[in-house]
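Novice: The structure is given below, and queries will be raised subsequently.
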Amino acid sequence: MMDIERYSYLWTSEKDDWVIVDSEHGRGIINKKDKMMLLVEDDALAKALADRMIREGCSIYKSINDAYADV
């Protein structure tokens, strides 16, 4: 069982910075302030994190440029 709570900063203390960006390759977890991407090699974990971020009300953008423009 995966422990996503160690990533809780994504939807709590750093919620304004970490966002979801949709792309032709799927969803990415991006820090729009620092222009970094969270690389998650486990597809199930990446999906669980994105799902939790969405449930917690994190922003979703259609493109990375839209995310970077909203800082």
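To be explicit about the labels: the chains of the structure tokens are called A, B, and onward in the order shown, and within each one the residues are counted from 1, while ligands get numbers from 1 in the order they are shown.
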Please provide as a VMD selection string all residues within 6 Å of A:Asn31, with the sequence filter that same-chain residues fewer than 2 positions apart are discarded (counting only C-alpha atoms).

Specialist: chain A and resid 17 to 18 33 to 36

Novice: Env of stretch 49-64 of chain A: 6 Å cut, atoms = only C-alpha atoms, seq-sep filter 2 positions within chain, self excluded. Answer as a PyMOL selection string.

Specialist: chain A and resi 11+19-22+46-47+66-67

Novice: Please return as a ChimeraX atom specification: the residues of chain A that backbone DSSP assigns to strand (DSSP E or B).

Specialist: /A:18-23,26-31,36-37,60-61

Novice: When you draw a straight line from atom CA of A:Asn65 to atom CA of A:Asp43, how long is it in Å?

Specialist: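 Atom-to-atom, atom CA of A:Asn65 to atom CA of A:Asp43, that is 24.0 Å.
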
Novice: Run DSSP on the backbone and tell me which residues of chain A come out as helix (DSSP H, G or I); list them as a PDB file with N, CA, C and O atoms, in the first residue's frame.

Specialist:
ATOM      1  N   ILE A   4       0.621   8.117   0.547  1.00  0.00           N
ATOM      2  CA  ILE A   4       0.642   9.417  -0.121  1.00  0.00           C
ATOM      3  C   ILE A   4       0.710  10.574   0.876  1.00  0.00           C
ATOM      4  O   ILE A   4       0.962  11.708   0.468  1.00  0.00           O
ATOM      5  N   GLU A   5       0.521  10.300   2.138  1.00  0.00           N
ATOM      6  CA  GLU A   5       0.537  11.370   3.135  1.00  0.00           C
ATOM      7  C   GLU A   5       1.900  12.066   3.233  1.00  0.00           C
ATOM      8  O   GLU A   5       1.964  13.214   3.642  1.00  0.00           O
ATOM      9  N   ARG A   6       2.973  11.403   2.839  1.00  0.00           N
ATOM     10  CA  ARG A   6       4.273  12.079   2.871  1.00  0.00           C
ATOM     11  C   ARG A   6       4.361  13.179   1.821  1.00  0.00           C
ATOM     12  O   ARG A   6       5.263  13.995   1.846  1.00  0.00           O
ATOM     13  N   TYR A   7       3.393  13.197   0.903  1.00  0.00           N
ATOM     14  CA  TYR A   7       3.306  14.240  -0.116  1.00  0.00           C
ATOM     15  C   TYR A   7       2.220  15.265   0.212  1.00  0.00           C
ATOM     16  O   TYR A   7       1.835  16.059  -0.646  1.00  0.00           O
ATOM     17  N   SER A   8       1.737  15.270   1.434  1.00  0.00           N
ATOM     18  CA  SER A   8       0.600  16.127   1.797  1.00  0.00           C
ATOM     19  C   SER A   8       0.871  17.617   1.588  1.00  0.00           C
ATOM     20  O   SER A   8      -0.067  18.400   1.447  1.00  0.00           O
ATOM     21  N   TYR A   9       2.129  18.005   1.538  1.00  0.00           N
ATOM     22  CA  TYR A   9       2.451  19.409   1.273  1.00  0.00           C
ATOM     23  C   TYR A   9       1.865  19.877  -0.056  1.00  0.00           C
ATOM     24  O   TYR A   9       1.601  21.065  -0.244  1.00  0.00           O
ATOM     25  N   LEU A  10       1.647  18.934  -0.990  1.00  0.00           N
ATOM     26  CA  LEU A  10       1.088  19.290  -2.296  1.00  0.00           C
ATOM     27  C   LEU A  10      -0.302  19.898  -2.164  1.00  0.00           C
ATOM     28  O   LEU A  10      -0.682  20.759  -2.961  1.00  0.00           O
ATOM     29  N   ASP A  43       3.279   4.934 -11.677  1.00  0.00           N
ATOM     30  CA  ASP A  43       2.058   5.477 -12.282  1.00  0.00           C
ATOM     31  C   ASP A  43       0.880   5.485 -11.316  1.00  0.00           C
ATOM     32  O   ASP A  43       0.090   6.433 -11.305  1.00  0.00           O
ATOM     33  N   ALA A  44       0.755   4.459 -10.505  1.00  0.00           N
ATOM     34  CA  ALA A  44      -0.351   4.389  -9.547  1.00  0.00           C
ATOM     35  C   ALA A  44      -0.213   5.481  -8.494  1.00  0.00           C
ATOM     36  O   ALA A  44      -1.217   6.116  -8.108  1.00  0.00           O
ATOM     37  N   LEU A  45       0.999   5.736  -8.043  1.00  0.00           N
ATOM     38  CA  LEU A  45       1.230   6.792  -7.067  1.00  0.00           C
ATOM     39  C   LEU A  45       0.950   8.158  -7.693  1.00  0.00           C
ATOM     40  O   LEU A  45       0.304   9.011  -7.070  1.00  0.00           O
ATOM     41  N   ALA A  46       1.413   8.378  -8.897  1.00  0.00           N
ATOM     42  CA  ALA A  46       1.175   9.654  -9.576  1.00  0.00           C
ATOM     43  C   ALA A  46      -0.320   9.913  -9.716  1.00  0.00           C
ATOM     44  O   ALA A  46      -0.789  11.028  -9.462  1.00  0.00           O
ATOM     45  N   LYS A  47      -1.078   8.904 -10.087  1.00  0.00           N
ATOM     46  CA  LYS A  47      -2.533   9.049 -10.218  1.00  0.00           C
ATOM     47  C   LYS A  47      -3.168   9.324  -8.869  1.00  0.00           C
ATOM     48  O   LYS A  47      -4.040  10.186  -8.744  1.00  0.00           O
ATOM     49  N   ALA A  48      -2.739   8.616  -7.840  1.00  0.00           N
ATOM     50  CA  ALA A  48      -3.290   8.816  -6.502  1.00  0.00           C
ATOM     51  C   ALA A  48      -3.004  10.232  -6.002  1.00  0.00           C
ATOM     52  O   ALA A  48      -3.877  10.868  -5.389  1.00  0.00           O
ATOM     53  N   LEU A  49      -1.810  10.740  -6.260  1.00  0.00           N
ATOM     54  CA  LEU A  49      -1.472  12.098  -5.845  1.00  0.00           C
ATOM     55  C   LEU A  49      -2.320  13.129  -6.578  1.00  0.00           C
ATOM     56  O   LEU A  49      -2.865  14.051  -5.959  1.00  0.00           O
ATOM     57  N   ALA A  50      -2.435  12.985  -7.888  1.00  0.00           N
ATOM     58  CA  ALA A  50      -3.245  13.926  -8.671  1.00  0.00           C
ATOM     59  C   ALA A  50      -4.713  13.867  -8.233  1.00  0.00           C
ATOM     60  O   ALA A  50      -5.355  14.911  -8.074  1.00  0.00           O
ATOM     61  N   ASP A  51      -5.226  12.670  -8.022  1.00  0.00           N
ATOM     62  CA  ASP A  51      -6.618  12.526  -7.568  1.00  0.00           C
ATOM     63  C   ASP A  51      -6.834  13.206  -6.229  1.00  0.00           C
ATOM     64  O   ASP A  51      -7.830  13.905  -6.020  1.00  0.00           O
ATOM     65  N   ARG A  52      -5.898  13.037  -5.322  1.00  0.00           N
ATOM     66  CA  ARG A  52      -6.016  13.662  -3.997  1.00  0.00           C
ATOM     67  C   ARG A  52      -5.919  15.180  -4.109  1.00  0.00           C
ATOM     68  O   ARG A  52      -6.671  15.914  -3.460  1.00  0.00           O
ATOM     69  N   MET A  53      -4.999  15.669  -4.935  1.00  0.00           N
ATOM     70  CA  MET A  53      -4.873  17.109  -5.126  1.00  0.00           C
ATOM     71  C   MET A  53      -6.178  17.700  -5.666  1.00  0.00           C
ATOM     72  O   MET A  53      -6.622  18.762  -5.209  1.00  0.00           O
ATOM     73  N   ILE A  54      -6.799  17.009  -6.591  1.00  0.00           N
ATOM     74  CA  ILE A  54      -8.061  17.483  -7.158  1.00  0.00           C
ATOM     75  C   ILE A  54      -9.153  17.486  -6.085  1.00  0.00           C
ATOM     76  O   ILE A  54      -9.895  18.461  -5.952  1.00  0.00           O
ATOM     77  N   ARG A  55      -9.227  16.417  -5.313  1.00  0.00           N
ATOM     78  CA  ARG A  55     -10.227  16.356  -4.233  1.00  0.00           C
ATOM     79  C   ARG A  55     -10.026  17.474  -3.221  1.00  0.00           C
ATOM     80  O   ARG A  55     -10.981  17.975  -2.636  1.00  0.00           O
ATOM     81  N   ILE A  64       0.941  24.233 -19.458  1.00  0.00           N
ATOM     82  CA  ILE A  64       1.989  24.687 -18.534  1.00  0.00           C
ATOM     83  C   ILE A  64       2.136  26.196 -18.598  1.00  0.00           C
ATOM     84  O   ILE A  64       2.385  26.862 -17.582  1.00  0.00           O
ATOM     85  N   ASN A  65       1.929  26.770 -19.775  1.00  0.00           N
ATOM     86  CA  ASN A  65       2.031  28.226 -19.904  1.00  0.00           C
ATOM     87  C   ASN A  65       0.928  28.928 -19.109  1.00  0.00           C
ATOM     88  O   ASN A  65       1.166  29.983 -18.529  1.00  0.00           O
ATOM     89  N   ASP A  66      -0.262  28.340 -19.095  1.00  0.00           N
ATOM     90  CA  ASP A  66      -1.354  28.905 -18.287  1.00  0.00           C
ATOM     91  C   ASP A  66      -0.983  28.876 -16.803  1.00  0.00           C
ATOM     92  O   ASP A  66      -1.241  29.823 -16.068  1.00  0.00           O
ATOM     93  N   ALA A  67      -0.373  27.783 -16.361  1.00  0.00           N
ATOM     94  CA  ALA A  67       0.032  27.664 -14.960  1.00  0.00           C
ATOM     95  C   ALA A  67       1.107  28.690 -14.622  1.00  0.00           C
ATOM     96  O   ALA A  67       1.011  29.383 -13.598  1.00  0.00           O
ATOM     97  N   TYR A  68       2.108  28.813 -15.461  1.00  0.00           N
ATOM     98  CA  TYR A  68       3.197  29.752 -15.199  1.00  0.00           C
ATOM     99  C   TYR A  68       2.717  31.199 -15.229  1.00  0.00           C
ATOM    100  O   TYR A  68       3.253  32.052 -14.527  1.00  0.00           O
ATOM    101  N   ALA A  69       1.701  31.491 -16.043  1.00  0.00           N
ATOM    102  CA  ALA A  69       1.170  32.850 -16.140  1.00  0.00           C
ATOM    103  C   ALA A  69       0.374  33.232 -14.895  1.00  0.00           C
ATOM    104  O   ALA A  69       0.154  34.418 -14.646  1.00  0.00           O
TER     105      ALA A  69
END

Novice: So what do you get for atom CA of A:Thr12 versus atom CA of A:Arg27, distance-wise?

Specialist: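 Spanning atom CA of A:Thr12 to atom CA of A:Arg27 is a straight-line distance of 19.4 Å.
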
Novice: Rounded to one decimal in Å, what is the spacing between atom CA of A:Asp16 and atom CA of A:Asp70?

Specialist: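 The value is 10.3 Å.
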